[in-house]
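File shown: my_file.cif (mmCIF, C-alpha atoms).
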data_work
#
loop_
_atom_site.label_atom_id
_atom_site.label_comp_id
_atom_site.auth_asym_id
_atom_site.auth_seq_id
_atom_site.Cartn_x
_atom_site.Cartn_y
_atom_site.Cartn_z
CA MET A 110 -18.44 -10.82 -45.08
CA LEU A 111 -19.81 -14.02 -46.57
CA THR A 112 -17.58 -15.67 -49.14
CA GLU A 113 -18.09 -18.78 -51.25
CA LEU A 114 -14.64 -20.30 -51.29
CA ALA A 115 -14.73 -23.56 -53.19
CA LEU A 116 -15.03 -23.74 -56.95
CA ALA A 117 -17.66 -25.58 -58.94
CA LEU A 118 -15.03 -28.02 -60.15
CA THR A 119 -14.71 -29.51 -56.69
CA LEU A 120 -17.35 -32.13 -57.44
CA ALA A 121 -15.02 -33.76 -59.92
CA GLN A 122 -11.68 -33.14 -58.28
CA PRO A 123 -9.16 -35.91 -57.60
CA GLY A 124 -7.40 -36.51 -54.33
CA LEU A 125 -4.22 -35.32 -52.69
CA ASP A 126 -1.76 -35.13 -55.56
CA ASP A 127 -0.61 -32.89 -58.39
CA ARG A 128 -3.42 -33.95 -60.74
CA THR A 129 -5.74 -31.35 -59.24
CA THR A 130 -6.52 -28.31 -61.34
CA VAL A 131 -7.90 -26.31 -58.44
CA ALA A 132 -5.70 -24.85 -55.71
CA ALA A 133 -8.11 -22.50 -53.95
CA THR A 134 -6.74 -22.55 -50.41
CA LEU A 135 -9.51 -21.52 -48.07
CA ALA A 136 -9.15 -18.35 -46.05
CA GLY A 137 -10.12 -18.12 -42.40
CA GLY A 138 -13.54 -17.60 -40.90
CA LYS A 139 -16.50 -19.67 -39.73
CA LEU A 140 -18.22 -22.25 -41.89
CA VAL A 141 -21.87 -21.41 -42.50
CA PRO A 142 -24.61 -23.35 -44.32
CA SER A 143 -24.81 -23.11 -48.08
CA PRO A 144 -28.04 -22.27 -49.93
CA ALA A 145 -26.81 -24.63 -52.66
CA GLY A 146 -27.45 -27.71 -50.55
CA ILE A 147 -26.23 -29.95 -47.72
CA TYR A 148 -22.46 -30.27 -47.40
CA ALA A 149 -21.45 -33.80 -48.45
CA GLY A 150 -18.42 -35.00 -46.55
CA LEU A 151 -16.41 -37.91 -45.19
CA TYR A 152 -16.05 -39.42 -41.72
CA ASN A 153 -12.78 -41.30 -41.59
CA ILE A 154 -10.52 -42.81 -38.94
CA GLY A 155 -7.28 -44.63 -39.57
CA ASP A 156 -6.63 -44.14 -43.28
CA THR A 157 -6.95 -40.42 -43.77
CA PRO A 158 -5.69 -39.00 -46.13
CA ALA A 159 -5.95 -42.19 -48.18
CA GLY A 160 -9.69 -42.33 -47.55
CA TYR A 161 -10.07 -38.74 -48.69
CA ALA A 162 -8.31 -39.49 -51.96
CA GLU A 163 -10.42 -42.63 -52.42
CA MET A 164 -13.67 -40.74 -52.02
CA ALA A 165 -12.47 -38.18 -54.57
CA ASP A 166 -11.25 -40.74 -57.09
CA VAL A 167 -13.73 -43.62 -56.75
CA LEU A 168 -16.87 -41.70 -55.86
CA GLY A 169 -16.09 -38.62 -57.90
CA LEU A 170 -16.73 -36.40 -54.89
CA THR A 171 -14.22 -34.21 -53.12
CA PRO A 172 -15.58 -34.16 -49.55
CA SER A 173 -16.53 -30.68 -48.39
CA ILE A 174 -15.91 -31.62 -44.74
CA VAL A 175 -13.66 -34.38 -43.39
CA LEU A 176 -14.44 -35.55 -39.84
CA ALA A 177 -11.48 -37.08 -38.02
CA PHE A 178 -10.18 -37.53 -34.46
CA HIS A 179 -7.07 -36.30 -32.66
CA ASP A 180 -7.02 -36.78 -28.90
CA TRP A 181 -5.09 -34.53 -26.54
CA ASN A 182 -3.33 -37.59 -25.12
CA GLY A 183 -1.07 -39.41 -27.55
CA ALA A 184 0.12 -42.06 -25.10
CA GLY A 185 -2.90 -44.35 -25.24
CA ILE A 186 -5.99 -44.61 -23.12
CA GLU A 187 -4.35 -46.76 -20.42
CA ALA A 188 -1.16 -44.71 -20.01
CA PRO A 189 -0.58 -43.62 -16.39
CA LYS A 190 0.33 -40.11 -17.56
CA PRO A 191 -0.77 -38.24 -20.67
CA VAL A 192 1.64 -37.34 -23.43
CA LEU A 193 0.14 -34.25 -24.99
CA GLN A 194 0.09 -34.03 -28.77
CA ASP A 195 -0.58 -30.75 -30.51
CA LEU A 196 -1.80 -30.29 -34.08
CA LEU A 197 1.69 -30.47 -35.55
CA ALA A 198 1.84 -34.09 -34.40
CA PRO A 199 0.81 -36.92 -36.76
CA MET A 200 -2.93 -37.44 -36.88
CA GLU A 201 -4.44 -40.77 -35.94
CA GLY A 202 -3.60 -43.39 -38.55
CA GLU A 203 -1.32 -41.05 -40.48
CA ILE A 204 2.46 -41.19 -39.92
CA THR A 205 3.70 -39.00 -42.75
CA GLY A 206 2.08 -35.69 -41.91
CA SER A 207 0.57 -33.59 -39.16
CA VAL A 208 -3.04 -32.76 -38.43
CA LEU A 209 -2.64 -29.21 -39.73
CA GLY A 210 -0.60 -30.51 -42.66
CA PHE A 211 -3.59 -32.57 -43.71
CA ALA A 212 -5.91 -29.63 -43.11
CA GLU A 213 -3.73 -27.56 -45.42
CA GLN A 214 -3.72 -30.26 -48.10
CA ILE A 215 -7.46 -30.59 -48.23
CA ALA A 216 -7.97 -26.82 -48.02
CA ARG A 217 -6.27 -26.56 -51.42
CA HIS A 218 -9.20 -28.58 -52.75
CA GLY A 219 -11.85 -26.54 -51.02
CA SER A 220 -12.34 -28.92 -48.06
CA VAL A 221 -12.41 -28.26 -44.33
CA LEU A 222 -11.20 -30.52 -41.51
CA ALA A 223 -13.76 -31.15 -38.73
CA LEU A 224 -11.61 -32.27 -35.82
CA VAL A 225 -12.87 -34.09 -32.74
CA TRP A 226 -10.22 -32.84 -30.31
CA ASP A 227 -11.00 -34.84 -27.21
CA PRO A 228 -9.27 -34.48 -23.83
CA ILE A 229 -11.31 -37.17 -22.07
CA THR A 230 -10.83 -40.49 -23.85
CA TYR A 231 -10.16 -43.42 -21.56
CA LEU A 232 -11.45 -46.69 -20.23
CA VAL A 233 -14.54 -46.96 -18.13
CA GLU A 234 -15.27 -49.66 -15.62
CA HIS A 235 -18.98 -50.31 -15.27
CA PRO A 236 -21.35 -53.06 -16.36
CA GLY A 237 -22.38 -53.22 -19.98
CA TYR A 238 -19.56 -51.21 -21.51
CA THR A 239 -15.94 -51.91 -22.36
CA PHE A 240 -14.65 -48.71 -23.94
CA LEU A 241 -16.26 -45.44 -22.94
CA PRO A 242 -14.99 -42.18 -21.50
CA GLY A 243 -14.75 -42.31 -17.74
CA GLY A 244 -13.31 -44.58 -15.10
CA PRO A 245 -10.70 -44.20 -12.38
CA ASN A 246 -7.73 -44.65 -14.75
CA SER A 247 -8.14 -41.38 -16.66
CA PRO A 248 -4.82 -39.73 -17.53
CA ILE A 249 -6.58 -36.36 -18.04
CA THR A 250 -9.26 -35.23 -15.61
CA PHE A 251 -11.99 -32.63 -15.81
CA ASP A 252 -10.71 -30.97 -12.64
CA ASP A 253 -7.24 -30.53 -14.12
CA VAL A 254 -8.60 -29.10 -17.38
CA LEU A 255 -10.92 -26.70 -15.58
CA GLY A 256 -8.21 -25.90 -13.02
CA GLY A 257 -5.85 -24.60 -15.69
CA VAL A 258 -3.34 -27.46 -15.76
CA TYR A 259 -3.64 -27.70 -19.55
CA ASP A 260 -4.12 -24.02 -20.39
CA ASP A 261 -0.66 -23.69 -21.95
CA TYR A 262 -1.36 -26.69 -24.16
CA ILE A 263 -4.72 -25.27 -25.21
CA ARG A 264 -3.04 -21.93 -26.02
CA THR A 265 -0.38 -23.69 -28.07
CA VAL A 266 -3.02 -25.39 -30.19
CA ALA A 267 -5.02 -22.16 -30.47
CA ARG A 268 -1.95 -20.34 -31.79
CA GLN A 269 -1.18 -23.15 -34.23
CA ILE A 270 -4.69 -22.92 -35.67
CA LYS A 271 -4.48 -19.14 -35.83
CA ALA A 272 -1.19 -19.40 -37.73
CA PHE A 273 -2.71 -22.00 -40.05
CA GLY A 274 -5.21 -19.37 -41.08
CA GLY A 275 -7.73 -21.55 -42.89
CA PRO A 276 -11.13 -22.47 -41.48
CA ILE A 277 -11.23 -25.52 -39.26
CA MET A 278 -14.10 -27.08 -37.33
CA ILE A 279 -13.50 -28.32 -33.77
CA SER A 280 -15.57 -30.32 -31.32
CA PRO A 281 -14.01 -30.59 -27.84
CA PHE A 282 -15.80 -33.91 -27.33
CA GLY A 283 -16.86 -36.83 -29.44
CA GLU A 284 -20.50 -37.57 -28.62
CA TYR A 285 -20.75 -35.23 -25.65
CA ASN A 286 -23.63 -37.08 -24.01
CA VAL A 287 -21.60 -40.28 -23.74
CA ILE A 288 -18.85 -38.33 -21.98
CA GLY A 289 -21.39 -36.75 -19.67
CA PHE A 290 -22.92 -40.11 -18.72
CA CYS A 291 -19.54 -41.01 -17.21
CA ALA A 292 -18.55 -37.69 -15.61
CA PHE A 293 -20.35 -37.94 -12.27
CA GLY A 294 -19.01 -38.46 -8.76
CA ARG A 295 -16.49 -36.46 -6.78
CA ASP A 296 -13.71 -36.81 -9.35
CA GLY A 297 -15.86 -36.73 -12.46
CA ASN A 298 -15.11 -40.27 -13.51
CA GLU A 299 -18.16 -42.26 -12.41
CA PHE A 300 -21.06 -43.66 -14.44
CA ILE A 301 -24.40 -42.01 -13.74
CA LEU A 302 -26.10 -45.28 -12.75
CA THR A 303 -23.39 -46.41 -10.35
CA ALA A 304 -22.01 -43.15 -8.94
CA ASN A 305 -21.09 -43.69 -5.30
CA GLY A 306 -23.56 -42.14 -2.91
CA GLY A 307 -26.06 -41.30 -5.62
CA ASP A 308 -25.29 -37.57 -5.47
CA LEU A 309 -25.63 -36.58 -9.12
CA THR A 310 -25.78 -32.78 -8.79
CA GLY A 311 -23.71 -31.71 -5.79
CA GLN A 312 -20.18 -32.72 -6.72
CA HIS A 313 -19.43 -29.96 -9.24
CA GLY A 314 -20.50 -26.37 -9.74
CA ASP A 315 -24.20 -25.47 -9.59
CA PRO A 316 -26.05 -27.97 -7.35
CA SER A 317 -29.15 -27.62 -9.51
CA ILE A 318 -27.41 -28.95 -12.65
CA PRO A 319 -26.40 -32.62 -13.16
CA ASP A 320 -22.66 -32.91 -12.61
CA GLY A 321 -21.73 -34.92 -15.71
CA PRO A 322 -23.25 -32.60 -18.32
CA GLU A 323 -22.12 -29.56 -16.31
CA ARG A 324 -18.50 -30.71 -16.42
CA VAL A 325 -18.73 -31.24 -20.18
CA ARG A 326 -20.38 -27.84 -20.66
CA ASP A 327 -17.83 -26.03 -18.50
CA THR A 328 -14.90 -27.68 -20.27
CA HIS A 329 -16.30 -26.68 -23.67
CA ARG A 330 -16.64 -23.08 -22.45
CA HIS A 331 -13.15 -23.08 -20.92
CA ILE A 332 -11.53 -24.17 -24.19
CA VAL A 333 -13.45 -21.67 -26.30
CA ASP A 334 -12.69 -18.86 -23.85
CA ILE A 335 -8.96 -19.48 -24.23
CA PHE A 336 -9.24 -19.51 -28.02
CA ASN A 337 -11.09 -16.20 -27.80
CA GLU A 338 -8.37 -14.76 -25.57
CA GLU A 339 -5.91 -15.72 -28.31
CA ASN A 340 -8.15 -13.98 -30.87
CA VAL A 341 -8.60 -17.13 -32.96
CA THR A 342 -11.33 -16.37 -35.48
CA ASN A 343 -10.98 -19.27 -37.92
CA VAL A 344 -12.57 -22.02 -35.75
CA THR A 345 -16.13 -23.22 -36.28
CA TRP A 346 -17.19 -24.85 -33.01
CA PHE A 347 -19.52 -27.83 -33.08
CA MET A 348 -20.92 -30.35 -30.61
CA TYR A 349 -22.66 -33.63 -31.30
CA SER A 350 -24.30 -36.54 -29.52
CA HIS A 351 -24.60 -40.24 -30.28
CA SER A 352 -27.11 -41.98 -32.54
CA ALA A 353 -30.58 -42.45 -31.00
CA TYR A 354 -29.80 -40.05 -28.15
CA LEU A 355 -32.97 -39.28 -26.15
CA ASN A 356 -34.94 -41.96 -27.99
CA PRO A 357 -36.88 -43.90 -25.31
CA ALA A 358 -37.06 -46.96 -27.58
CA ASP A 359 -33.26 -47.20 -27.43
CA LEU A 360 -32.94 -47.11 -23.64
CA ASP A 361 -33.37 -49.61 -20.85
CA PRO A 362 -35.52 -48.74 -17.80
CA ALA A 363 -32.57 -47.60 -15.68
CA GLU A 364 -31.38 -45.21 -18.40
CA LEU A 365 -34.91 -43.91 -18.92
CA ALA A 366 -35.10 -43.05 -15.24
CA VAL A 367 -32.19 -40.61 -15.53
CA LEU A 368 -32.87 -39.36 -19.05
CA ASP A 369 -33.78 -35.85 -17.95
CA LEU A 370 -30.40 -35.53 -16.20
CA VAL A 371 -28.58 -35.91 -19.52
CA HIS A 372 -30.84 -33.68 -21.61
CA PRO A 373 -29.10 -31.31 -24.06
CA ARG A 374 -30.17 -28.25 -22.03
CA HIS A 375 -27.66 -29.29 -19.35
CA TYR A 376 -24.81 -29.66 -21.87
CA TYR A 377 -25.45 -26.70 -24.13
CA PRO A 378 -22.79 -24.05 -23.44
CA GLY A 379 -24.71 -21.19 -25.05
CA ASP A 380 -25.09 -19.74 -28.52
CA ALA A 381 -21.83 -17.78 -28.24
CA TYR A 382 -19.89 -21.03 -27.78
CA VAL A 383 -21.39 -23.19 -30.52
CA ASP A 384 -21.76 -22.63 -34.26
CA TRP A 385 -23.19 -26.04 -35.30
CA ILE A 386 -24.98 -28.76 -33.34
CA GLY A 387 -25.22 -32.34 -34.46
CA ASN A 388 -25.66 -36.01 -33.88
CA SER A 389 -24.21 -39.30 -34.97
CA ALA A 390 -26.76 -41.08 -37.15
CA TYR A 391 -26.59 -44.74 -38.02
CA VAL A 392 -29.50 -46.38 -39.81
CA SER A 393 -29.98 -50.09 -40.39
CA ASN A 394 -29.89 -51.89 -43.72
CA ASP A 395 -32.07 -54.64 -42.23
CA ASP A 396 -34.51 -53.04 -39.80
CA PRO A 397 -36.75 -50.35 -41.36
CA GLU A 398 -37.66 -49.01 -37.91
CA LEU A 399 -34.05 -47.96 -37.33
CA ASP A 400 -34.28 -45.04 -39.72
CA LEU A 401 -33.00 -41.46 -39.53
CA GLY A 402 -35.96 -40.33 -37.47
CA TYR A 403 -35.09 -42.99 -34.89
CA ALA A 404 -31.49 -41.78 -34.83
CA ILE A 405 -31.95 -38.01 -34.60
CA GLY A 406 -35.62 -37.07 -34.31
CA HIS A 407 -35.72 -36.71 -30.53
CA VAL A 408 -32.54 -34.63 -30.46
CA ILE A 409 -33.81 -32.17 -33.05
CA ASP A 410 -37.09 -31.88 -31.15
CA ALA A 411 -35.18 -31.17 -27.94
CA TYR A 412 -33.08 -28.39 -29.46
CA ASN A 413 -36.16 -26.88 -31.08
CA ALA A 414 -37.89 -26.83 -27.68
CA MET A 415 -34.81 -25.12 -26.23
CA GLY A 416 -35.01 -22.42 -28.88
CA VAL A 417 -31.59 -23.31 -30.28
CA ASP A 418 -31.38 -22.25 -33.91
CA LYS A 419 -28.11 -23.70 -35.21
CA PRO A 420 -27.36 -25.67 -38.39
CA PHE A 421 -27.39 -29.44 -37.84
CA PHE A 422 -24.43 -31.67 -38.68
CA LEU A 423 -24.76 -35.46 -39.19
CA THR A 424 -21.28 -36.36 -37.98
CA GLU A 425 -20.70 -40.10 -37.61
CA PHE A 426 -23.19 -41.00 -40.32
CA GLY A 427 -23.87 -44.19 -42.24
CA VAL A 428 -25.76 -47.38 -42.98
CA THR A 429 -24.94 -50.47 -40.94
CA GLU A 430 -25.13 -53.97 -42.38
CA SER A 431 -25.76 -57.04 -40.28
CA GLY A 432 -26.67 -59.23 -43.25
CA GLY A 433 -25.14 -59.65 -46.67
CA ASP A 434 -27.54 -57.59 -48.77
CA SER A 435 -26.33 -54.61 -50.73
CA ARG A 436 -26.89 -51.28 -49.00
CA ALA A 437 -27.43 -49.46 -52.31
CA ASP A 438 -31.21 -48.97 -51.99
CA ARG A 439 -30.87 -48.04 -48.31
CA ILE A 440 -28.19 -45.45 -49.09
CA THR A 441 -30.33 -43.94 -51.83
CA ARG A 442 -33.39 -43.73 -49.57
CA LEU A 443 -31.36 -42.26 -46.72
CA LEU A 444 -29.71 -39.55 -48.80
CA THR A 445 -32.63 -38.55 -50.99
CA GLN A 446 -35.72 -39.16 -48.85
CA GLU A 447 -34.87 -39.24 -45.15
CA VAL A 448 -32.26 -36.50 -44.81
CA PRO A 449 -34.43 -33.90 -46.62
CA ARG A 450 -37.19 -34.53 -44.04
CA PHE A 451 -35.09 -32.50 -41.59
CA PRO A 452 -34.47 -29.01 -43.03
CA SER A 453 -32.02 -28.08 -40.27
CA ILE A 454 -29.51 -30.68 -41.56
CA ARG A 455 -26.87 -28.72 -43.45
CA ALA A 456 -23.89 -31.12 -43.40
CA ALA A 457 -23.33 -34.88 -43.38
CA THR A 458 -20.03 -36.78 -43.18
CA PHE A 459 -20.54 -40.35 -44.37
CA ALA A 460 -18.62 -43.10 -42.53
CA ASP A 461 -16.15 -44.76 -44.86
CA ALA A 462 -12.97 -46.38 -43.54
CA PRO A 463 -11.49 -49.89 -43.16
CA LEU A 464 -11.88 -49.58 -39.39
CA PHE A 465 -15.64 -49.29 -39.71
CA GLU A 466 -15.83 -52.32 -41.96
CA ALA A 467 -13.70 -54.40 -39.61
CA PHE A 468 -15.44 -53.52 -36.35
CA PHE A 469 -18.78 -51.81 -36.93
CA GLN A 470 -20.41 -53.58 -39.90
CA ILE A 471 -20.11 -50.53 -42.16
CA PRO A 472 -18.53 -51.75 -45.41
CA ASP A 473 -16.13 -49.63 -47.40
CA LEU A 474 -18.09 -47.84 -50.13
CA ALA A 475 -15.48 -48.49 -52.78
CA SER A 476 -15.73 -52.27 -52.24
CA ASN A 477 -19.27 -52.43 -53.66
CA PRO A 478 -19.87 -50.77 -57.05
CA ASP A 479 -23.65 -50.61 -56.53
CA GLU A 480 -23.25 -48.90 -53.17
CA ALA A 481 -20.67 -46.50 -54.56
CA LYS A 482 -23.01 -45.66 -57.42
CA ALA A 483 -25.89 -45.11 -54.98
CA TYR A 484 -23.81 -42.73 -52.87
CA ARG A 485 -22.54 -40.91 -55.95
CA SER A 486 -26.06 -40.53 -57.33
CA GLY A 487 -27.53 -39.57 -53.97
CA THR A 488 -25.01 -36.79 -53.47
CA ARG A 489 -23.85 -35.62 -56.89
CA ASP A 490 -26.92 -36.19 -59.04
CA SER A 491 -29.79 -35.49 -56.66
CA GLY A 492 -29.24 -31.75 -56.45
CA LEU A 493 -29.62 -31.92 -52.67
CA TYR A 494 -25.93 -31.75 -51.76
CA THR A 495 -22.99 -29.47 -52.42
CA THR A 496 -19.25 -29.20 -51.88
CA ARG A 497 -19.14 -25.44 -52.29
CA LEU A 498 -18.23 -24.21 -48.83
CA ARG A 499 -19.30 -20.83 -47.54
CA VAL A 500 -17.34 -19.04 -44.86
CA ARG A 501 -18.29 -15.96 -42.87
CA ARG A 502 -15.33 -13.73 -42.00
#

Translate the structure of the given file into structure tokens.
Amino acid sequence: MLTELALALTLAQPGLDDRTTVAATLAGGKLVPSPAGIYAGLYNIGDTPAGYAEMADVLGLTPSIVLAFHDWNGAGIEAPKPVLQDLLAPMEGEITGSVLGFAEQIARHGSVLALVWDPITYLVEHPGYTFLPGGPNSPITFDDVLGGVYDDYIRTVARQIKAFGGPIMISPFGEYNVIGFCAFGRDGNEFILTANGGDLTGQHGDPSIPDGPERVRDTHRHIVDIFNEENVTNVTWFMYSHSAYLNPADLDPAELAVLDLVHPRHYYPGDAYVDWIGNSAYVSNDDPELDLGYAIGHVIDAYNAMGVDKPFFLTEFGVTESGGDSRADRITRLLTQEVPRFPSIRAATFADAPLFEAFFQIPDLASNPDEAKAYRSGTRDSGLYTTRLRVRR
């Protein structure tokens, strides 16, 4: 049964307080694309739920989807042992409520939490990178996850989500291809270009499949299988890769040489395990060549060639700024001209958080009235976007 769950008033709803006039808590099921348009949402780290309320109040848009992170390990990426945190623990950047508490709050406004629930987040030690998944100091390993060490934890979270009852989106990895690049070697913690011995296919599972992507694929399947055993039916599973994935213009010669080993066909767990596919997509305010086609075109072509017919989700999505010019025109062009070029795009969560402004040259939308107006016009007034979620039960 297909049900449209959010009300038309959601476009003008306020944030997380008693001023709201709509309290339509979403019922469980899987999120499906809407014929009314592309879901307009928020990507936020560090100040959710404040960022959610800001988008509702300042931009006049209640996000349909809110993308946020909550790692399995709550002890920090350099801790010698993991401290597992379930979804009743505080979410990242939020000390007054749990992950599922926030999901419940936004569900009352017709919004769904898209959670990157990552087991493998730790330091990597190889040239050219400082923070990436991988490295010998991982507190959680692929072998332990696949060997059942964390099955009870996975079941606990599955049961919490089942009891929550509302729809929730989950990706077991943030930017799966980055994880896979660093999941080679005997223990699954070596970078593809520096893996000892150069054996890139014989250290895990099927010797005809590259080990890094195979470990990521198998872990995704393992998690979903446990959720299915627990009869959890209110999770929409998604997977996404990083901006400019597969784009030869974005790679150095060494990376180009191994590009086929990290192709999506090696990661893809199968249609039964994935409801949405996606990609991070950052475009430049200064360089016209770094447009949306640069960021996602090769990935969409790859999935099309694989015969994968899933709705596409722009997850970590935004306009970077290396100069001081307003991004207003760039935001307008991105939302109203570039996104519609790709009909498979059915959801987009725009990056908007103080963390992004401080570290990634993505200014807070509310800090620039012209940019806020451009985003508001591009989403609310263009007729291309919607906040009316549809769920299949």

Applied to the shown file, which residues does the PyMOL selection byres ((chain A and resi 284-289) around 10) return, written as a count of residues only? 48

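For the choices A:Leu302, A:Ile147, A:Ile154, A:Val500, the atom-to-atom distance to Glu466 of chain A is smallest for A:Ile154 when using all atoms listed in the file.
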
Once the PyMOL selection byres ((chain A and resi 330) around 10) is applied to the coordinates I shared, what remains selected? I want it as a list in words.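 Output of the PyMOL selection byres ((chain A and resi 330) around 10): Leu255, Pro281, Arg324, Val325, Arg326, Asp327, Thr328, His329, His331, Ile332, Val333, Asp334, Ile335, Phe336, Tyr377, Pro378, Gly379, Ala381, Tyr382 and Val383 of chain A.
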
Given the file shown, determine the residues that the PyMOL selection byres ((chain A and resi 222) around 7) selects; report them as a PyMOL selection string. chain A and resi 174-176+212+220-221+223-224+277-278

Write out the residues from the selection above, keeping C-alpha atoms, as an mmCIF file, in the coordinates of the input.
data_model
loop_
_atom_site.group_PDB
_atom_site.id
_atom_site.type_symbol
_atom_site.label_atom_id
_atom_site.label_comp_id
_atom_site.auth_asym_id
_atom_site.auth_seq_id
_atom_site.Cartn_x
_atom_site.Cartn_y
_atom_site.Cartn_z
ATOM 1 C CA ILE A 174 -15.910 -31.620 -44.740
ATOM 2 C CA VAL A 175 -13.660 -34.380 -43.390
ATOM 3 C CA LEU A 176 -14.440 -35.550 -39.840
ATOM 4 C CA ALA A 212 -5.910 -29.630 -43.110
ATOM 5 C CA SER A 220 -12.340 -28.920 -48.060
ATOM 6 C CA VAL A 221 -12.410 -28.260 -44.330
ATOM 7 C CA ALA A 223 -13.760 -31.150 -38.730
ATOM 8 C CA LEU A 224 -11.610 -32.270 -35.820
ATOM 9 C CA ILE A 277 -11.230 -25.520 -39.260
ATOM 10 C CA MET A 278 -14.100 -27.080 -37.330
#

Using atom CA of Asp434 of chain A and atom CA of Met164 of chain A as the two end points, give the distance in Å to one decimal.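 The value is 22.1 Å.
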
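Across the structure, atom CA of Asn477 of chain A and atom CA of Phe421 of chain A are spaced 29.1 Å apart.
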
Tell me which of A:Leu443, A:Ile471, A:Ala456, A:Ala404 sits closest to Ser486 of chain A, counting all atoms listed in the file.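 Counting all atoms listed in the file, the residue closest to Ser486 of chain A is A:Leu443.
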
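Pairwise distance (atom CA of Ala304 of chain A, atom CA of Val192 of chain A) equals 28.3 Å.
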
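Minimum atom-to-atom distances from A:Leu209, A:Ala462, A:Ile249, A:Ile440 to Thr157 of chain A were compared using only C-alpha atoms, and the lowest value belongs to A:Ala462.
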
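Of the residues under consideration (A:Ala145, A:Val448, A:Val408, A:Ala366), A:Ala145 shows the shortest atom-to-atom contact distance to Tyr494 of chain A when counting all atoms listed in the file.
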
From A:Gln214, A:Asn413, A:Asn394, A:Thr250, residue lying nearest Ser453 of chain A [only C-alpha atoms]: A:Asn413

Box dimensions and centre (Å, one decimal) enclosing segment 413-419 of chain A, axis-aligned, 6 Å extra per side, as JSON:
{"center_x": -33.0, "center_y": -24.6, "center_z": -30.7, "size_x": 21.8, "size_y": 16.6, "size_z": 21.0}

Within 9 Å of Arg455 of chain A, counting all atoms listed in the file, which residues show up once you throw out same-chain ones fewer than 3 positions away? Write them as number ranges by chain, please. A: 141-143, 146-149, 420-423, 452, 494

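Between Ala457 of chain A and the candidates A:Met415, A:Val341, A:Leu140, A:Leu151, the tightest atom-to-atom separation, counting all atoms listed in the file, involves A:Leu151.
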
Using the partial input, fill out segment 415-429 of chain A with N, CA and C atoms; write the result as an mmCIF file, in the frame of the given file.
data_model
loop_
_atom_site.group_PDB
_atom_site.id
_atom_site.type_symbol
_atom_site.label_atom_id
_atom_site.label_comp_id
_atom_site.auth_asym_id
_atom_site.auth_seq_id
_atom_site.Cartn_x
_atom_site.Cartn_y
_atom_site.Cartn_z
ATOM 1 N N MET A 415 -35.722 -26.012 -26.952
ATOM 2 C CA MET A 415 -34.810 -25.120 -26.230
ATOM 3 C C MET A 415 -34.651 -23.774 -26.917
ATOM 4 N N GLY A 416 -35.169 -23.660 -28.136
ATOM 5 C CA GLY A 416 -35.010 -22.420 -28.880
ATOM 6 C C GLY A 416 -33.655 -22.262 -29.520
ATOM 7 N N VAL A 417 -32.919 -23.360 -29.667
ATOM 8 C CA VAL A 417 -31.590 -23.310 -30.280
ATOM 9 C C VAL A 417 -31.754 -23.363 -31.794
ATOM 10 N N ASP A 418 -31.257 -22.348 -32.463
ATOM 11 C CA ASP A 418 -31.380 -22.250 -33.910
ATOM 12 C C ASP A 418 -29.982 -22.297 -34.534
ATOM 13 N N LYS A 419 -29.445 -23.483 -34.643
ATOM 14 C CA LYS A 419 -28.110 -23.700 -35.210
ATOM 15 C C LYS A 419 -28.221 -24.725 -36.338
ATOM 16 N N PRO A 420 -27.358 -24.630 -37.353
ATOM 17 C CA PRO A 420 -27.360 -25.670 -38.390
ATOM 18 C C PRO A 420 -26.970 -27.014 -37.802
ATOM 19 N N PHE A 421 -27.549 -28.085 -38.376
ATOM 20 C CA PHE A 421 -27.390 -29.440 -37.840
ATOM 21 C C PHE A 421 -26.413 -30.225 -38.708
ATOM 22 N N PHE A 422 -25.532 -30.960 -38.049
ATOM 23 C CA PHE A 422 -24.430 -31.670 -38.680
ATOM 24 C C PHE A 422 -24.563 -33.160 -38.347
ATOM 25 N N LEU A 423 -24.798 -34.003 -39.372
ATOM 26 C CA LEU A 423 -24.760 -35.460 -39.190
ATOM 27 C C LEU A 423 -23.290 -35.857 -39.240
ATOM 28 N N THR A 424 -22.727 -36.174 -38.105
ATOM 29 C CA THR A 424 -21.280 -36.360 -37.980
ATOM 30 C C THR A 424 -20.878 -37.797 -38.314
ATOM 31 N N GLU A 425 -20.986 -38.691 -37.367
ATOM 32 C CA GLU A 425 -20.700 -40.100 -37.610
ATOM 33 C C GLU A 425 -21.967 -40.693 -38.237
ATOM 34 N N PHE A 426 -21.968 -40.825 -39.547
ATOM 35 C CA PHE A 426 -23.190 -41.000 -40.320
ATOM 36 C C PHE A 426 -23.030 -42.166 -41.284
ATOM 37 N N GLY A 427 -24.000 -43.092 -41.298
ATOM 38 C CA GLY A 427 -23.870 -44.190 -42.240
ATOM 39 C C GLY A 427 -24.962 -45.231 -42.122
ATOM 40 N N VAL A 428 -24.814 -46.270 -42.932
ATOM 41 C CA VAL A 428 -25.760 -47.380 -42.980
ATOM 42 C C VAL A 428 -25.046 -48.636 -42.506
ATOM 43 N N THR A 429 -25.549 -49.245 -41.446
ATOM 44 C CA THR A 429 -24.940 -50.470 -40.940
ATOM 45 C C THR A 429 -25.502 -51.677 -41.689
#
